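A.B. asks: Here it is, the structure in full.
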Amino acid sequence: MSTGGIPSSLSPPAKRKKVSLGDTNVIDMADGTNGSNNHAHIDESLYSRQLYVLGHEAMHRMATADVLISGMRGLGVEVAKNVILAGVRSVTVHDEGNIVMSDLSSQFFFREEEVGQSRADICVKRLGELNSYVPTTASKDKLTAEFIKKFKVVVLTSSTLDEQLQISKQCRENNIALIIASNRGLFGQVFCDFGDQFTVIDTTGDAPQTAMIASITKDEQGVVTCLDEVRHGFVDGDYVTFSEVQGMEELNSAEPRRIEVTGPYTFKIGDTRGFSDYKIGGIATEAKMPKRVHFEPLEKALNEPLFLESDFSKFDRPPQLHLAYRTLHEYIKKEGCLPKPWCKTDGDKFAELAAEINSSVIGTAKVDEVDGKLMRQFANIAAGDLCPMDAFMGGVVAQEVMKAVSEKFHPIVQWFYFDALECLPCDRSVLTEENCAPQGSRYDGQIAVFGRDFQKKLEGQKWFVVGAGAIGCELLKNFALMGLGCGRDGKIFVTDMDLIERSNLNRQFLFRPWDVQKAKSVTAAEAVKVMNPAINIVPQENKVGLETEGIYDDDFFSQLNGVANALDNIDARLYMDRRCVFYEKPLLESGTLGTKGNTQVVIPHLTESYGASQDPPEKEIPICTLKNFPNAIEHTLQWARDLFAGLFKQAPENAALYLMDPTFVDRTCQLPGSQPVEALQSVVKALVEERPEDYKDCVKWARHLFGELYHNQIAQLLYNFPKDQLTKEGAPFWAPPKRCPHPLDFDSTNKTHLDFIISAANLKAVIYGLQPHRDLDLVKNLVDSVEVPTFVPQSGVRIAVTDAEAQAANQGQTDTETVEDLKKSLPPVESLGGLKIFPQEFEKDDDSNFHMDFIVSASNLRAENYGIAPADRHKSKLIAGKIIPAIATTTSVVSGLVSLELYKIVQGHSKLEDFKNSFINLALPLFVFSDPIAAQQKEYNGEKWTLWDRFQINHPMTLKEFIEHFERNLKLKISMLSQGVSLLYSFFMQKAAREERMQMLMPDIVRKVSRKPIEPHVKSLVFEICCDDENGEDVEVPFVVYHL
């Protein structure tokens, strides 16, 4: 991540173009009919982001799986939602009961008027709307062995222990995966049994590591040394395969070899003495090896449990919670009901029963000492049903379902326990049996845990949700069910400037196919209003940035209790972070990347801000690697993106500006270096040299472009640096990582060659308003008729070998003579007959616009030049489109964790250890929770301060009075003063200007220097000051808020 500047938008640019759904690309899960189970093909327009997480093979395996989910309260419906969105063959939802009012605490598909009706019947229709490719049916009968046989996975979310043991036996007998899950207030449990020998094909889902080889020794333990550009990334026990090795070619066809890592650039591969001598080159690639995982049946696992840690600070808690859940089953069997919320009698009875059960346990499940306090705590909130807990555990369980059917990612072995007791108030005396008793309210599941008073507090909250995409949808659903902003004084604001696209439907579950091209924020607000009509939600379609500070001003922020970011844009996140610091508001931050997710809570005057710590910047590809020496498909794809931008966006934009803006030429000539020549050349080409009159001219241009890019430039490169070229040190010039290229001869019968011509010609046609053509025979005949002159390499052509050489070439002096010649070559605008130019903004998700066709073909042709393995359209779109892989399960988990932190903020927690930042990876699976980092303390003149502090100026001051105020009252001597990008005062400024400003009021100086008025909504100015302390040392100090 980088801090960047003020964002121009909330998320990627809003797409306002209407798209015909009839043209959706179903290239590889269904025929599109409602409820179809024909999964021979994968609908990439729907599943595209999930495909980048799971891959085609795993998705095809999922499409053969029938899943049973029993229990349709909050947890069950969360599991069902995520599994249906993922795209299994079918889902059957089972529940023998009817809706009660307290179900609405966490069940987002139930309505108050449906109380008393069948849970299964009401759920099935609304779940079925989530994905037309997944038939969804309901069952209300008792589960039988015969019925269970139909399914590949069975999920139980509200069953007795006796039922679980019986169904476990039936699943074992029929090789059916079993998952048991239960949430009780702030406690959660998951159990997995995928059989005696379950095969995991890919345990992590990460792309295989690759490394370019510098040498391989011939030894009993052959040592592979990699090029020292990048660490190899392998670990002990990994398996690797080899390719492109010269000399020791036996490795290229060998089976995967287990390695022993000896350093960041070296590893051993076993005996290589029988192989030929290594010469040069080679690539080592990690081989994903299948792993067998053994599960015990429930009956045995109860007494001999294996636990997956969820929180290392609570390492001793899983055995205690294992006992607590076991005790709860026995308690319900004996008492016929759950323990009453916060009832001391029931809590004591529960703790006594736990001790009794523990004394009779045989096996490792027996704990040395029963934690009576924890047992009473468990009993106190066991009747609770919290939406955030269901969202978290529902995502975890749904991912385990997907693992069971796809064999992708490592499953939970075998018990997983989680608790969020930190959400309870610090003063537990308010949690009385009376305060937490059922009210006949939709919030009873939450009141059972936190009480009536806290519920009222939630309802009066005002929050700002920034973004209504995947995380935004989940947060809004959680907030509606929690009752956040649902009272008379409460309110939720949500803003998102984007429209709904079809690819959103796979994980942004508030949207349906008929919502495509509607505003996300408005549609999401309408959806959650149905879930809880009491929610006071205000949807907006605004960016967050400087341009909307008149909307999101002091008055707006002053009313808020907090902000929840749901963004996929780093700049927007940083902007909102700065606003929350300025207005001293809590911020809930989160993000996902495939199966990985993270949450961060920012608390005023307690934690660091989101912007206080940043990820390292993304590594850029060197210029010369892109231009002349690519060695990986990522390089050729970036080259193709740059080529697209130059040919179809930048050059047409320059031409369009020339046509519309009379000052374009003069402004262009003021640009530094070679930019004026490049810009004017592009205009001359667009309007004179390469302007097509018809489609035939477009094909001709595309054919010449092919020759220039894939033959002529490569031939010239080889002329300058022949295959046997040596460096001045005597080493081969074309040694790894360089790949020696070869020119391509055009062949219209080669699909990739013709794809390039068709896409390039059609993009050229669209730019000039000409009719595009898709007739392959027509294009083939046209391109075959184009005469292309024979290319002869030229001497004296300089080709940059290093980035320094390339940058020096681009930073030379402007060639005034060439610029003047180009200006003379520009045709008068009036002579062009009203010509209109239509620059192309790259859009990866429209398969009818030729953009990805061009990128894929252009990249793969260059890959062929350099002997690089090509990439299919799916992989090319991921890399070139910079797509963020996404899946509904991770989003659900992250939203649940964020909402748990919101409980703590509303409770008024003030200790660092009460809050939790999190990192999760559902693939491994891994759950890491940590205390937030405290805000860094700094000091001036013995005064400690953090980023949350600021100097306040509450009455008008001249600059002289301002400076004297800091010297007199704070012992700080100001050396420089700025506001935004404007320098208002410095010790080195001219004396006349300094004396003039000393007598001016601070706002007047701002107006004078910035040459802009102060907007009417601005109620304070923010100044940054550089100071010396009382010892004359330069010292860092807080910013200054000058109130107008």
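By order of appearance in the structure tokens: chains A, B, ..., then residues from 1 within every chain, and ligands from 1 in the order shown.
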Excluding Asn506 in chain A and any residue of its chain fewer than 4 positions from it, enumerate the residues within 10 Å of it, using only C-alpha atoms, and give them as a VMD selection string.

C.D. replies: chain A and resid 45 to 50 82 84 to 87 130 to 131 470 502 511 to 512 886 to 888

A.B. asks: Once you have the residues from the selection above, write them out as a compact mmCIF listing (two decimals), in the first residue's frame, restricted to N, CA, C and O atoms.

C.D. replies:
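Result saved to out20.txt:
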```txt
# COMPACT_ATOMS: atom_id res chain seq x y z
N SER A 45 -18.82 -14.93 -16.39
CA SER A 45 -19.31 -13.58 -16.12
C SER A 45 -19.89 -13.46 -14.72
O SER A 45 -19.94 -12.38 -14.15
N LEU A 46 -20.31 -14.59 -14.14
CA LEU A 46 -20.84 -14.61 -12.78
C LEU A 46 -19.77 -14.97 -11.76
O LEU A 46 -19.63 -14.34 -10.72
N TYR A 47 -19.00 -16.02 -12.07
CA TYR A 47 -18.07 -16.59 -11.09
C TYR A 47 -16.64 -16.09 -11.24
O TYR A 47 -15.73 -16.65 -10.63
N SER A 48 -16.41 -15.05 -12.06
CA SER A 48 -15.04 -14.69 -12.42
C SER A 48 -14.13 -14.47 -11.22
O SER A 48 -13.02 -15.00 -11.17
N ARG A 49 -14.59 -13.69 -10.21
CA ARG A 49 -13.70 -13.39 -9.09
C ARG A 49 -13.45 -14.62 -8.23
O ARG A 49 -12.37 -14.80 -7.68
N GLN A 50 -14.47 -15.50 -8.10
CA GLN A 50 -14.31 -16.73 -7.32
C GLN A 50 -13.41 -17.72 -8.04
O GLN A 50 -12.65 -18.46 -7.41
N ASN A 82 -23.79 -18.69 1.58
CA ASN A 82 -22.44 -18.73 1.03
C ASN A 82 -22.22 -19.94 0.13
O ASN A 82 -21.53 -19.84 -0.89
N ILE A 84 -24.56 -21.54 -1.63
CA ILE A 84 -25.32 -21.33 -2.87
C ILE A 84 -24.60 -20.34 -3.78
O ILE A 84 -24.47 -20.57 -5.00
N LEU A 85 -24.11 -19.27 -3.23
CA LEU A 85 -23.35 -18.32 -4.04
C LEU A 85 -22.12 -18.96 -4.66
O LEU A 85 -21.73 -18.62 -5.78
N ALA A 86 -21.52 -19.93 -3.95
CA ALA A 86 -20.30 -20.57 -4.44
C ALA A 86 -20.56 -21.43 -5.67
O ALA A 86 -19.68 -21.60 -6.51
N GLY A 87 -21.76 -22.03 -5.79
CA GLY A 87 -22.08 -22.78 -6.99
C GLY A 87 -21.91 -24.28 -6.90
O GLY A 87 -21.24 -24.87 -7.75
N LEU A 130 -30.62 -16.39 -4.97
CA LEU A 130 -29.21 -16.01 -4.92
C LEU A 130 -28.42 -16.50 -6.12
O LEU A 130 -27.46 -15.86 -6.55
N ASN A 131 -28.78 -17.66 -6.65
CA ASN A 131 -28.01 -18.24 -7.75
C ASN A 131 -28.91 -19.18 -8.54
O ASN A 131 -29.26 -20.27 -8.07
N ALA A 470 -19.01 -5.94 -1.73
CA ALA A 470 -19.16 -7.22 -1.03
C ALA A 470 -19.16 -7.04 0.49
O ALA A 470 -20.08 -7.48 1.18
N ARG A 502 -22.84 -7.78 -13.30
CA ARG A 502 -23.20 -9.19 -13.14
C ARG A 502 -22.18 -9.95 -12.30
O ARG A 502 -22.54 -10.83 -11.51
N PHE A 511 -27.80 -8.11 -3.94
CA PHE A 511 -28.18 -7.79 -5.30
C PHE A 511 -28.67 -9.03 -6.05
O PHE A 511 -28.19 -10.14 -5.81
N ARG A 512 -29.59 -8.83 -6.98
CA ARG A 512 -30.16 -9.90 -7.79
C ARG A 512 -29.95 -9.58 -9.27
O ARG A 512 -29.65 -8.43 -9.63
N ALA A 886 -11.86 -12.88 -5.14
CA ALA A 886 -12.81 -12.67 -4.04
C ALA A 886 -13.75 -13.85 -3.94
O ALA A 886 -14.08 -14.50 -4.94
N ILE A 887 -14.20 -14.13 -2.72
CA ILE A 887 -15.12 -15.22 -2.47
C ILE A 887 -16.01 -14.83 -1.29
O ILE A 887 -15.57 -14.14 -0.36
N ALA A 888 -17.28 -15.25 -1.33
CA ALA A 888 -18.27 -14.80 -0.35
C ALA A 888 -17.94 -15.22 1.08
O ALA A 888 -18.26 -14.51 2.03
```

A.B. asks: Taking the DSSP secondary structure from the backbone, can you list the residues of range 116-320 of chain A that are strand (DSSP E), as a PyMOL selection string?

C.D. replies: chain A and resi 136-139+153-156+177-184+187-193+198-200+210-216+223-226+239-243+257-258+260-263+266-268+283-287+291-293+307-308

A.B. asks: Could you pull the residues within 8 Å of Glu400 in chain A, counting only C-alpha atoms, minus those fewer than 3 positions along the same chain, as a PyMOL selection string?

C.D. replies: chain A and resi 179+192+396-397+403-404+411-412

A.B. asks: Those residues with C-alpha atoms, as a compact mmCIF listing (two decimals), in the first residue's frame please?

C.D. replies:
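Now in again.txt:
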```
# COMPACT_ATOMS: atom_id res chain seq x y z
CA ILE A 179 -19.85 -30.70 9.47
CA CYS A 192 -15.43 -31.64 10.66
CA VAL A 396 -15.96 -20.58 8.15
CA VAL A 397 -18.42 -23.48 7.82
CA LYS A 403 -13.22 -27.92 0.85
CA ALA A 404 -15.11 -31.19 1.31
CA PRO A 411 -9.79 -28.59 6.20
CA ILE A 412 -10.24 -27.97 9.91
```

A.B. asks: Between A:Ser105, A:Phe464, A:Ala655, A:Phe756, which has the minimum distance to Leu587 in chain A (counting only C-alpha atoms)?

C.D. replies: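 Checking each of A:Ser105, A:Phe464, A:Ala655, A:Phe756 against Leu587 in chain A, counting only C-alpha atoms, the winner is A:Phe464.
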
A.B. asks: Tell me which of A:Gly611, A:Gly233, A:Gly673, A:Pro736 sits closest to Cys580 in chain A, counting only C-alpha atoms.

C.D. replies: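 So, comparing all the options, the nearest one is A:Gly611.
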
A.B. asks: Quick one: residues within 7 Å of range 321-327 of chain A, only C-alpha atoms, excluding same-chain residues fewer than 4 positions away - as a ChimeraX atom specification?

C.D. replies: /A:317,331,353-354,357,375,417

A.B. asks: Suppose we keep all heavy atoms; can you now write the selection as a compact mmCIF listing (two decimals), in the first residue's frame?

C.D. replies:
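Result file follows (selection_25.txt):
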```txt
# COMPACT_ATOMS: atom_id res chain seq x y z
N ARG A 317 -8.32 -22.36 26.12
CA ARG A 317 -9.78 -22.28 26.14
C ARG A 317 -10.48 -23.39 25.36
O ARG A 317 -11.57 -23.82 25.77
CB ARG A 317 -10.23 -20.91 25.65
CG ARG A 317 -11.72 -20.67 25.91
CD ARG A 317 -12.04 -19.20 25.98
NE ARG A 317 -11.46 -18.55 27.13
CZ ARG A 317 -11.57 -17.25 27.38
NH1 ARG A 317 -12.25 -16.48 26.55
NH2 ARG A 317 -11.01 -16.73 28.46
N TYR A 331 -27.44 -30.56 29.63
CA TYR A 331 -28.31 -29.66 30.38
C TYR A 331 -29.70 -29.58 29.72
O TYR A 331 -30.74 -29.67 30.39
CB TYR A 331 -27.68 -28.26 30.44
CG TYR A 331 -28.45 -27.26 31.29
CD1 TYR A 331 -28.06 -27.01 32.60
CD2 TYR A 331 -29.56 -26.58 30.78
CE1 TYR A 331 -28.76 -26.10 33.38
CE2 TYR A 331 -30.26 -25.67 31.55
CZ TYR A 331 -29.86 -25.43 32.84
OH TYR A 331 -30.56 -24.53 33.62
N LEU A 353 -22.88 -29.22 36.68
CA LEU A 353 -23.05 -30.29 35.71
C LEU A 353 -21.77 -30.49 34.89
O LEU A 353 -21.38 -31.62 34.58
CB LEU A 353 -24.24 -29.99 34.79
CG LEU A 353 -24.58 -31.04 33.73
CD1 LEU A 353 -24.90 -32.39 34.38
CD2 LEU A 353 -25.75 -30.57 32.87
N ALA A 354 -21.11 -29.39 34.56
CA ALA A 354 -19.86 -29.48 33.80
C ALA A 354 -18.81 -30.25 34.59
O ALA A 354 -18.09 -31.10 34.03
CB ALA A 354 -19.35 -28.08 33.46
N ILE A 357 -19.75 -33.94 34.51
CA ILE A 357 -19.46 -34.57 33.21
C ILE A 357 -17.97 -34.77 33.04
O ILE A 357 -17.51 -35.82 32.57
CB ILE A 357 -20.06 -33.73 32.07
CG1 ILE A 357 -21.59 -33.81 32.11
CG2 ILE A 357 -19.54 -34.18 30.71
CD1 ILE A 357 -22.29 -32.89 31.13
N MET A 375 -17.69 -21.53 32.68
CA MET A 375 -18.90 -22.32 32.51
C MET A 375 -20.14 -21.48 32.83
O MET A 375 -21.15 -21.55 32.13
CB MET A 375 -18.86 -23.56 33.41
CG MET A 375 -17.76 -24.54 33.06
SD MET A 375 -17.89 -25.15 31.37
CE MET A 375 -16.15 -25.44 30.99
N TYR A 417 -13.02 -23.89 18.00
CA TYR A 417 -13.81 -23.12 18.95
C TYR A 417 -13.39 -21.65 18.89
O TYR A 417 -12.21 -21.34 18.70
CB TYR A 417 -13.63 -23.64 20.37
CG TYR A 417 -14.31 -24.98 20.60
CD1 TYR A 417 -13.59 -26.17 20.52
CD2 TYR A 417 -15.67 -25.05 20.87
CE1 TYR A 417 -14.22 -27.39 20.71
CE2 TYR A 417 -16.31 -26.26 21.06
CZ TYR A 417 -15.57 -27.44 20.98
OH TYR A 417 -16.20 -28.65 21.16
```

A.B. asks: Which of these residues is nearest to Gly646 in chain A, using only C-alpha atoms: A:Gln840, A:Gly867, A:Glu620, A:Thr595?

C.D. replies: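 When distances to Gly646 in chain A are compared using only C-alpha atoms, the smallest one comes from A:Gln840.
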
A.B. asks: If you run DSSP over the backbone, which residues in range 836-1044 of chain A end up helix (DSSP H, G or I)? Put them as a PyMOL selection string.

C.D. replies: chain A and resi 851-866+873-880+888-907+912-914+959-970+991-998+1002-1010

A.B. asks: Quick one: residues within 7 Å of range 955-971 of chain A, only C-alpha atoms, excluding same-chain residues fewer than 2 positions away - as an NGL selection string?

C.D. replies: :A and (953 or 973-974 or 997-1002 or 1029-1030 or 1043)

A.B. asks: Restricting it to all heavy atoms, dump the selection as a short mmCIF file (atom, residue, chain, number, x, y, z; two decimals), in the first residue's frame.

C.D. replies:
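Dumped to out20.cif:
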```cif
data_model
loop_
_atom_site.label_atom_id
_atom_site.label_comp_id
_atom_site.auth_asym_id
_atom_site.auth_seq_id
_atom_site.Cartn_x
_atom_site.Cartn_y
_atom_site.Cartn_z
N ILE A 953 -6.93 26.72 17.89
CA ILE A 953 -6.97 28.18 17.92
C ILE A 953 -8.43 28.59 17.74
O ILE A 953 -9.03 28.33 16.69
CB ILE A 953 -6.11 28.80 16.81
CG1 ILE A 953 -4.66 28.31 16.92
CG2 ILE A 953 -6.19 30.33 16.85
CD1 ILE A 953 -3.94 28.75 18.17
N LYS A 973 9.18 27.81 18.50
CA LYS A 973 9.48 28.85 17.52
C LYS A 973 9.18 28.31 16.13
O LYS A 973 9.81 27.36 15.67
CB LYS A 973 10.94 29.27 17.63
CG LYS A 973 11.29 30.44 16.71
CD LYS A 973 12.71 30.92 16.94
CE LYS A 973 13.00 32.12 16.04
NZ LYS A 973 14.37 32.64 16.27
N ILE A 974 8.19 28.91 15.47
CA ILE A 974 7.75 28.42 14.16
C ILE A 974 8.73 28.87 13.08
O ILE A 974 9.03 30.07 12.95
CB ILE A 974 6.34 28.93 13.83
CG1 ILE A 974 5.32 28.36 14.84
CG2 ILE A 974 5.94 28.57 12.42
CD1 ILE A 974 3.91 28.88 14.67
N ARG A 997 2.59 39.86 5.49
CA ARG A 997 1.73 38.80 6.01
C ARG A 997 1.62 38.83 7.53
O ARG A 997 0.64 38.36 8.09
CB ARG A 997 2.24 37.43 5.53
CG ARG A 997 2.09 37.25 4.03
CD ARG A 997 2.55 35.89 3.57
NE ARG A 997 2.62 35.85 2.10
CZ ARG A 997 3.02 34.82 1.38
NH1 ARG A 997 3.42 33.71 2.01
NH2 ARG A 997 3.06 34.88 0.07
N MET A 998 2.63 39.33 8.20
CA MET A 998 2.59 39.38 9.66
C MET A 998 1.38 40.15 10.17
O MET A 998 0.83 39.84 11.23
CB MET A 998 3.87 40.04 10.20
CG MET A 998 5.08 39.12 10.21
SD MET A 998 4.90 37.79 11.41
CE MET A 998 6.52 37.01 11.26
N GLN A 999 0.92 41.13 9.39
CA GLN A 999 -0.20 41.96 9.84
C GLN A 999 -1.55 41.43 9.34
O GLN A 999 -2.59 42.00 9.69
CB GLN A 999 0.01 43.40 9.34
CG GLN A 999 1.36 43.99 9.69
CD GLN A 999 1.69 43.87 11.18
OE1 GLN A 999 0.82 44.11 12.02
NE2 GLN A 999 2.93 43.49 11.50
N MET A 1000 -1.53 40.38 8.55
CA MET A 1000 -2.78 39.84 7.97
C MET A 1000 -3.37 38.76 8.87
O MET A 1000 -2.65 38.01 9.54
CB MET A 1000 -2.51 39.26 6.58
CG MET A 1000 -2.06 40.28 5.55
SD MET A 1000 -1.61 39.50 3.98
CE MET A 1000 -3.18 38.83 3.44
N LEU A 1001 -4.71 38.67 8.87
CA LEU A 1001 -5.37 37.56 9.55
C LEU A 1001 -5.07 36.26 8.82
O LEU A 1001 -4.90 36.24 7.59
CB LEU A 1001 -6.88 37.80 9.61
CG LEU A 1001 -7.35 38.92 10.55
CD1 LEU A 1001 -8.83 39.20 10.33
CD2 LEU A 1001 -7.09 38.54 12.01
N MET A 1002 -5.03 35.17 9.56
CA MET A 1002 -4.65 33.87 8.99
C MET A 1002 -5.53 33.48 7.79
O MET A 1002 -5.01 33.04 6.76
CB MET A 1002 -4.70 32.79 10.07
CG MET A 1002 -3.74 33.03 11.23
SD MET A 1002 -2.01 33.04 10.73
CE MET A 1002 -1.76 31.30 10.40
N ASP A 1029 12.22 23.64 19.40
CA ASP A 1029 11.79 23.65 20.80
C ASP A 1029 12.60 24.67 21.59
O ASP A 1029 13.38 25.45 21.03
CB ASP A 1029 11.90 22.25 21.40
CG ASP A 1029 13.33 21.71 21.43
OD1 ASP A 1029 14.28 22.52 21.24
OD2 ASP A 1029 13.51 20.50 21.64
N GLU A 1030 12.43 24.66 22.91
CA GLU A 1030 13.09 25.66 23.74
C GLU A 1030 14.60 25.52 23.76
O GLU A 1030 15.31 26.44 24.18
CB GLU A 1030 12.53 25.59 25.16
CG GLU A 1030 12.65 24.24 25.83
CD GLU A 1030 11.87 24.19 27.15
OE1 GLU A 1030 11.43 25.26 27.61
OE2 GLU A 1030 11.71 23.09 27.69
N HIS A 1043 -10.06 27.63 14.08
CA HIS A 1043 -11.51 27.72 13.92
C HIS A 1043 -11.91 29.07 13.35
O HIS A 1043 -11.49 30.12 13.86
CB HIS A 1043 -12.20 27.46 15.26
CG HIS A 1043 -11.97 26.08 15.78
ND1 HIS A 1043 -12.71 24.99 15.36
CD2 HIS A 1043 -11.07 25.59 16.68
CE1 HIS A 1043 -12.28 23.90 15.99
NE2 HIS A 1043 -11.28 24.25 16.79
#
```

A.B. asks: Each residue of range 817-924 of chain A with at least one atom at most 12 Å from range 309-313 of chain A should appear once, together with its nearest atom pair and the corresponding distance in Å (one decimal); atoms considered: only C-alpha atoms; ordering: chain, then increasing residue number; output as CSV.

C.D. replies:
```
residue,atom,partner,partner_atom,distance
A:Glu913,CA,A:Ser313,CA,10.8
A:Lys916,CA,A:Asp311,CA,10.4
A:Asn917,CA,A:Asp311,CA,11.4
A:Ser918,CA,A:Asp311,CA,9.8
A:Phe919,CA,A:Ser310,CA,10.8
A:Ile920,CA,A:Ser310,CA,9.6
A:Asn921,CA,A:Ser310,CA,11.4
A:Leu922,CA,A:Ser310,CA,11.6
```

A.B. asks: Could you save the residues just selected, with all heavy atoms, as a PDB file, in the first residue's frame?

C.D. replies:
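The resulting file, selection28.pdb, is shown below:
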```pdb
ATOM      1  N   GLU A 913      -6.396  -3.865  25.048  1.00  0.00           N
ATOM      2  CA  GLU A 913      -6.535  -5.322  24.966  1.00  0.00           C
ATOM      3  C   GLU A 913      -7.981  -5.766  24.777  1.00  0.00           C
ATOM      4  O   GLU A 913      -8.235  -6.945  24.501  1.00  0.00           O
ATOM      5  CB  GLU A 913      -5.943  -5.984  26.212  1.00  0.00           C
ATOM      6  CG  GLU A 913      -6.572  -5.545  27.527  1.00  0.00           C
ATOM      7  CD  GLU A 913      -5.867  -4.369  28.166  1.00  0.00           C
ATOM      8  OE1 GLU A 913      -5.189  -3.597  27.439  1.00  0.00           O
ATOM      9  OE2 GLU A 913      -5.995  -4.216  29.403  1.00  0.00           O
ATOM     10  N   LYS A 916      -9.598  -6.145  19.020  1.00  0.00           N
ATOM     11  CA  LYS A 916      -8.827  -7.141  18.293  1.00  0.00           C
ATOM     12  C   LYS A 916      -8.690  -6.751  16.822  1.00  0.00           C
ATOM     13  O   LYS A 916      -9.682  -6.487  16.138  1.00  0.00           O
ATOM     14  CB  LYS A 916      -9.504  -8.524  18.360  1.00  0.00           C
ATOM     15  CG  LYS A 916      -9.596  -9.120  19.759  1.00  0.00           C
ATOM     16  CD  LYS A 916      -8.226  -9.489  20.308  1.00  0.00           C
ATOM     17  CE  LYS A 916      -8.350 -10.087  21.703  1.00  0.00           C
ATOM     18  NZ  LYS A 916      -7.022 -10.335  22.298  1.00  0.00           N
ATOM     19  N   ASN A 917      -7.462  -6.700  16.342  1.00  0.00           N
ATOM     20  CA  ASN A 917      -7.205  -6.738  14.901  1.00  0.00           C
ATOM     21  C   ASN A 917      -7.074  -8.196  14.504  1.00  0.00           C
ATOM     22  O   ASN A 917      -6.702  -9.034  15.328  1.00  0.00           O
ATOM     23  CB  ASN A 917      -5.925  -5.986  14.547  1.00  0.00           C
ATOM     24  CG  ASN A 917      -6.056  -4.489  14.740  1.00  0.00           C
ATOM     25  OD1 ASN A 917      -7.168  -3.968  14.861  1.00  0.00           O
ATOM     26  ND2 ASN A 917      -4.935  -3.787  14.770  1.00  0.00           N
ATOM     27  N   SER A 918      -7.376  -8.502  13.260  1.00  0.00           N
ATOM     28  CA  SER A 918      -7.350  -9.910  12.877  1.00  0.00           C
ATOM     29  C   SER A 918      -6.753 -10.105  11.499  1.00  0.00           C
ATOM     30  O   SER A 918      -6.812  -9.213  10.640  1.00  0.00           O
ATOM     31  CB  SER A 918      -8.769 -10.494  12.896  1.00  0.00           C
ATOM     32  OG  SER A 918      -9.564  -9.905  11.887  1.00  0.00           O
ATOM     33  N   PHE A 919      -6.162 -11.265  11.312  1.00  0.00           N
ATOM     34  CA  PHE A 919      -5.779 -11.748   9.987  1.00  0.00           C
ATOM     35  C   PHE A 919      -6.246 -13.186   9.887  1.00  0.00           C
ATOM     36  O   PHE A 919      -5.985 -13.996  10.786  1.00  0.00           O
ATOM     37  CB  PHE A 919      -4.264 -11.685   9.764  1.00  0.00           C
ATOM     38  CG  PHE A 919      -3.854 -12.360   8.483  1.00  0.00           C
ATOM     39  CD1 PHE A 919      -4.011 -11.715   7.271  1.00  0.00           C
ATOM     40  CD2 PHE A 919      -3.362 -13.656   8.489  1.00  0.00           C
ATOM     41  CE1 PHE A 919      -3.674 -12.350   6.080  1.00  0.00           C
ATOM     42  CE2 PHE A 919      -3.022 -14.305   7.305  1.00  0.00           C
ATOM     43  CZ  PHE A 919      -3.177 -13.638   6.099  1.00  0.00           C
ATOM     44  N   ILE A 920      -6.965 -13.503   8.819  1.00  0.00           N
ATOM     45  CA  ILE A 920      -7.452 -14.873   8.648  1.00  0.00           C
ATOM     46  C   ILE A 920      -7.088 -15.372   7.252  1.00  0.00           C
ATOM     47  O   ILE A 920      -6.972 -14.595   6.302  1.00  0.00           O
ATOM     48  CB  ILE A 920      -8.986 -14.970   8.867  1.00  0.00           C
ATOM     49  CG1 ILE A 920      -9.740 -14.042   7.894  1.00  0.00           C
ATOM     50  CG2 ILE A 920      -9.339 -14.601  10.297  1.00  0.00           C
ATOM     51  CD1 ILE A 920     -10.510 -14.756   6.849  1.00  0.00           C
ATOM     52  N   ASN A 921      -6.878 -16.656   7.169  1.00  0.00           N
ATOM     53  CA  ASN A 921      -6.720 -17.315   5.870  1.00  0.00           C
ATOM     54  C   ASN A 921      -7.518 -18.610   5.920  1.00  0.00           C
ATOM     55  O   ASN A 921      -7.082 -19.597   6.531  1.00  0.00           O
ATOM     56  CB  ASN A 921      -5.244 -17.592   5.562  1.00  0.00           C
ATOM     57  CG  ASN A 921      -5.046 -18.116   4.151  1.00  0.00           C
ATOM     58  OD1 ASN A 921      -5.969 -18.626   3.521  1.00  0.00           O
ATOM     59  ND2 ASN A 921      -3.828 -17.996   3.631  1.00  0.00           N
ATOM     60  N   LEU A 922      -8.685 -18.614   5.330  1.00  0.00           N
ATOM     61  CA  LEU A 922      -9.583 -19.768   5.398  1.00  0.00           C
ATOM     62  C   LEU A 922      -9.014 -20.970   4.678  1.00  0.00           C
ATOM     63  O   LEU A 922      -9.436 -22.101   4.927  1.00  0.00           O
ATOM     64  CB  LEU A 922     -10.946 -19.401   4.798  1.00  0.00           C
ATOM     65  CG  LEU A 922     -11.734 -18.319   5.539  1.00  0.00           C
ATOM     66  CD1 LEU A 922     -13.052 -18.054   4.830  1.00  0.00           C
ATOM     67  CD2 LEU A 922     -11.972 -18.718   6.981  1.00  0.00           C
TER      68      LEU A 922
END
```
